[in-house]
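final_14.txt (compact mmCIF, C-alpha atoms)
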```txt
# COMPACT_ATOMS: atom_id res chain seq x y z
CA THR Q 1 -24.33 -0.76 14.14
CA ASP Q 2 -23.59 0.67 10.69
CA GLU Q 3 -20.00 -0.54 10.64
CA LYS Q 4 -18.70 -1.49 7.21
CA LEU Q 5 -16.43 -4.42 6.52
CA GLU Q 6 -13.24 -4.45 4.48
CA LEU Q 7 -11.81 -7.51 2.73
CA VAL Q 8 -8.03 -7.98 2.69
CA ASN Q 9 -6.69 -10.54 0.20
CA TYR Q 10 -3.80 -12.98 0.76
CA HIS Q 11 -2.42 -15.62 -1.63
CA PRO Q 12 0.77 -17.72 -2.03
CA HIS Q 13 1.41 -16.01 -5.39
CA TYR Q 14 0.22 -12.51 -4.44
CA GLY Q 15 1.57 -9.82 -6.73
CA SER Q 16 0.87 -6.11 -6.56
CA SER Q 17 0.71 -5.96 -10.36
CA ILE Q 18 -2.96 -7.00 -10.00
CA THR Q 19 -3.89 -4.33 -7.49
CA THR Q 20 -5.14 -1.48 -9.64
CA THR Q 21 -8.63 -1.06 -10.97
CA ASP Q 22 -9.42 0.13 -14.50
CA THR Q 23 -8.61 3.59 -13.17
CA PRO Q 24 -4.81 3.62 -12.64
CA THR Q 25 -5.00 5.90 -9.58
CA GLU Q 26 -7.28 3.61 -7.55
CA ILE Q 27 -6.39 0.49 -5.60
CA ARG Q 28 -8.62 -2.56 -5.81
CA PRO Q 29 -10.22 -2.97 -2.38
CA GLY Q 30 -8.22 -5.37 -0.21
CA TYR Q 31 -4.96 -5.04 -2.16
CA LEU Q 32 -1.67 -3.18 -1.70
CA PRO Q 33 -0.77 -0.09 -3.73
CA PRO Q 34 1.10 -0.87 -6.97
CA ARG Q 35 4.88 -1.11 -6.70
CA SER Q 36 5.23 1.92 -8.96
CA TRP Q 37 3.67 4.03 -6.19
CA MET Q 38 6.08 2.95 -3.42
CA LYS Q 39 9.02 5.28 -4.16
CA PRO Q 40 6.83 8.39 -4.43
CA MET Q 41 5.01 7.30 -1.25
CA MET Q 42 8.35 6.81 0.53
CA ARG Q 43 9.41 10.33 -0.46
CA MET Q 44 6.30 11.63 1.38
CA SER Q 45 7.02 9.77 4.64
CA GLN Q 46 7.55 11.66 7.89
CA ASP Q 47 10.45 9.29 8.66
CA ILE Q 48 13.61 10.86 7.20
CA ASP Q 49 15.34 7.46 6.97
CA ILE Q 50 12.53 6.17 4.72
CA VAL Q 51 12.74 9.32 2.57
CA LYS Q 52 16.50 8.76 2.14
CA ARG Q 53 15.97 5.05 1.35
CA ALA Q 54 13.59 5.97 -1.47
CA ALA Q 55 16.53 7.38 -3.43
CA THR Q 56 18.44 4.07 -3.45
CA ILE Q 57 15.72 1.41 -3.53
CA THR Q 58 15.77 -0.90 -6.57
CA GLU Q 59 12.90 -2.39 -8.55
CA GLU Q 60 14.02 -5.85 -7.45
CA GLU Q 61 13.81 -4.78 -3.80
CA LEU Q 62 10.31 -3.41 -4.39
CA THR Q 63 9.11 -6.90 -5.41
CA LEU Q 64 9.59 -7.91 -1.75
CA VAL Q 65 6.68 -5.65 -0.76
CA ASP Q 66 4.33 -8.37 -2.06
CA TYR Q 67 5.34 -10.60 0.86
CA GLN Q 68 2.97 -8.51 3.01
CA ARG Q 69 0.09 -10.37 1.39
CA LYS Q 70 1.63 -13.77 0.65
CA SER Q 71 0.23 -16.63 2.69
CA PRO Q 72 0.44 -20.44 2.66
CA VAL Q 73 -3.12 -20.67 1.31
CA PRO Q 74 -5.48 -18.26 -0.47
CA MET Q 75 -7.36 -16.32 2.19
CA VAL Q 76 -9.60 -13.31 2.68
CA HIS Q 77 -9.37 -11.46 6.00
CA ILE Q 78 -12.55 -9.62 6.96
CA GLN Q 79 -12.10 -6.63 9.24
CA ARG Q 80 -14.19 -3.74 10.43
CA GLN Q 81 -13.53 -0.66 8.36
CA ALA Q 82 -13.40 1.39 11.55
CA ALA Q 83 -10.16 -0.44 12.40
CA THR Q 84 -8.47 0.78 9.22
CA ASN Q 85 -6.92 4.14 8.41
CA ILE Q 86 -9.50 5.65 6.05
CA ALA Q 87 -9.05 9.25 5.04
CA PRO Q 88 -12.03 11.59 5.31
CA ALA Q 89 -13.87 12.46 2.11
CA PHE Q 90 -13.11 15.72 0.37
CA PRO Q 91 -15.68 18.50 0.95
CA ASP Q 92 -17.13 17.85 -2.53
CA GLY Q 93 -17.99 14.28 -1.50
CA THR Q 94 -15.11 12.54 -3.31
CA PRO Q 95 -14.76 9.07 -1.73
CA PRO Q 96 -12.22 8.47 1.05
CA ALA Q 97 -8.95 6.52 0.94
CA ILE Q 98 -7.07 6.64 -2.34
CA THR Q 99 -8.62 8.93 -4.90
CA LYS Q 100 -7.50 10.86 -7.95
CA THR Q 101 -7.19 14.59 -7.54
CA THR Q 102 -5.96 17.32 -9.87
CA GLU Q 103 -5.23 19.81 -7.11
CA VAL Q 104 -2.44 19.22 -4.60
CA LYS Q 105 -3.53 20.37 -1.14
CA THR Q 106 -1.77 20.30 2.22
CA ASP Q 107 -3.89 18.55 4.82
CA SER Q 108 -2.86 16.87 8.05
CA GLU Q 109 -5.20 13.91 7.41
CA LEU Q 110 -4.62 13.44 3.69
CA VAL Q 111 -1.32 13.09 1.89
CA HIS Q 112 -1.23 13.95 -1.81
CA VAL Q 113 1.46 11.96 -3.59
CA SER Q 114 2.78 12.93 -7.01
CA LEU Q 115 3.47 9.71 -8.89
CA ASP Q 116 6.34 9.40 -11.35
CA ASP Q 117 3.88 9.52 -14.28
CA GLY Q 118 2.52 12.92 -13.16
CA GLU Q 119 -0.71 11.62 -11.62
CA VAL Q 120 -1.56 12.64 -8.06
CA ILE Q 121 -3.11 10.22 -5.57
CA SER Q 122 -4.45 10.97 -2.10
CA MET Q 123 -4.41 8.71 0.93
CA SER Q 124 -4.50 8.99 4.68
CA ARG Q 125 -1.22 9.71 6.45
CA GLY Q 126 -1.69 6.53 8.50
CA ASP Q 127 -2.03 4.31 5.42
CA LEU Q 128 0.99 5.88 3.72
CA GLU Q 129 3.22 5.49 6.77
CA GLU Q 130 2.10 1.89 7.33
CA TYR Q 131 2.72 0.88 3.69
CA VAL Q 132 6.19 2.43 3.49
CA LYS Q 133 7.28 1.18 6.93
CA ASN Q 134 6.27 -2.36 5.97
CA ALA Q 135 8.07 -2.06 2.63
CA VAL Q 136 11.34 -0.96 4.23
CA THR Q 137 11.08 -3.73 6.86
CA LEU Q 138 10.50 -6.45 4.24
CA ILE Q 139 13.38 -5.17 2.12
CA ALA Q 140 15.67 -5.26 5.18
CA VAL Q 141 14.68 -8.88 5.87
CA GLY Q 142 15.55 -9.85 2.30
CA LYS Q 143 14.24 -12.21 -0.34
CA THR Q 144 16.03 -15.35 0.85
CA GLU Q 145 14.63 -15.19 4.38
CA LEU Q 146 11.12 -14.19 3.23
CA ALA Q 147 10.93 -16.97 0.63
CA LEU Q 148 12.23 -19.54 3.12
CA ALA Q 149 9.68 -18.51 5.76
CA LEU Q 150 6.83 -18.80 3.23
CA ASP Q 151 8.10 -22.20 2.03
CA ILE Q 152 8.24 -23.45 5.63
CA GLU Q 153 4.67 -22.28 6.29
CA MET Q 154 3.45 -23.93 3.09
CA GLY Q 155 4.95 -27.21 4.31
```
Show me, as structure tokens, the structure contained in the file I just sent.
Amino acid sequence: TDEKLELVNYHPHYGSSITTTDTPTEIRPGYLPPRSWMKPMMRMSQDIDIVKRAATITEEELTLVDYQRKSPVPMVHIQRQAATNIAPAFPDGTPPAITKTTEVKTDSELVHVSLDDGEVISMSRGDLEEYVKNAVTLIAVGKTELALALDIEMG
């Protein structure tokens, strides 16, 4: 088949500060969106509780999002791209997933998020909802419990 593979990166010291490419509105393949995108993404969620939480979330709490990709050892997970939530390309052929756009459109498959710096990014609804749901869950668990669990796994 013509299935494509996607690499997802994990590391004991994973930090989303390394996730952007040279273009600040693109995510490096296999990494989480930058922390600075999380509040604007949360404001676009279809879950009203997540939208409300975006107003009170702190920068310190946002650091907990990195625990999604922390692991006892450095690792790369290889998965079929078909199993991921990839947005369809724009009619002009712009690549799928997270892309820079200057025009905000309403589309059931794509969500266009206005970042705090004025840039607009586009991603699939599924990706956005998964990222923000995971962020809120990790924040609810808390730093102490997350750090302890990672320390236990690292032995």
Exercise for review: May I ask for the distance between atom CA of Ser71 of chain Q and atom CA of Thr58 of chain Q, given in Å to one decimal place?
Suggested key: 24.0 Å
Check your understanding: Hey, which of Q:Gly118, Q:Leu138, Q:Val113, Q:Gln68 ends up closest to Arg43 of chain Q? Count all atoms listed in the file.
Key -> Q:Val113
His13 of chain Q surroundings by only C-alpha atoms, 12 Å radius, close-in-sequence under 5 positions cut, as an mmCIF file with C-alpha atoms, keeping the file's coordinate frame:
```
data_model
loop_
_atom_site.group_PDB
_atom_site.id
_atom_site.type_symbol
_atom_site.label_atom_id
_atom_site.label_comp_id
_atom_site.auth_asym_id
_atom_site.auth_seq_id
_atom_site.Cartn_x
_atom_site.Cartn_y
_atom_site.Cartn_z
ATOM 1 C CA ILE Q 18 -2.960 -7.000 -10.000
ATOM 2 C CA THR Q 63 9.110 -6.900 -5.410
ATOM 3 C CA ASP Q 66 4.330 -8.370 -2.060
ATOM 4 C CA TYR Q 67 5.340 -10.600 0.860
ATOM 5 C CA GLN Q 68 2.970 -8.510 3.010
ATOM 6 C CA ARG Q 69 0.090 -10.370 1.390
ATOM 7 C CA LYS Q 70 1.630 -13.770 0.650
ATOM 8 C CA SER Q 71 0.230 -16.630 2.690
ATOM 9 C CA PRO Q 72 0.440 -20.440 2.660
ATOM 10 C CA VAL Q 73 -3.120 -20.670 1.310
ATOM 11 C CA PRO Q 74 -5.480 -18.260 -0.470
ATOM 12 C CA MET Q 75 -7.360 -16.320 2.190
ATOM 13 C CA ALA Q 147 10.930 -16.970 0.630
ATOM 14 C CA LEU Q 150 6.830 -18.800 3.230
ATOM 15 C CA ASP Q 151 8.100 -22.200 2.030
ATOM 16 C CA MET Q 154 3.450 -23.930 3.090
#
```
Practice item. Could you please determine the separation between atom CA of His77 of chain Q and atom CA of His11 of chain Q in Å, to one decimal place? Key: 11.1 Å
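Reported to one decimal place, the separation of atom CA of Leu115 of chain Q from atom CA of Pro40 of chain Q is 5.7 Å.
Proximity of Q:Val76, Q:Leu110, Q:Leu128, Q:Leu5 to Ser45 of chain Q, computed with all atoms listed in the file, is greatest for Q:Leu128.
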Review point. With all atoms listed in the file as the atoms that count, which of Q:Gly126, Q:Lys4, Q:Val141, Q:Ile152 lies nearest to Gln46 of chain Q?
Key: Q:Gly126
Point to revise | Proximity to Val132 of chain Q - best of Q:Leu7, Q:Ala55, Q:Leu148, Q:Val65, all atoms listed in the file | key: Q:Val65
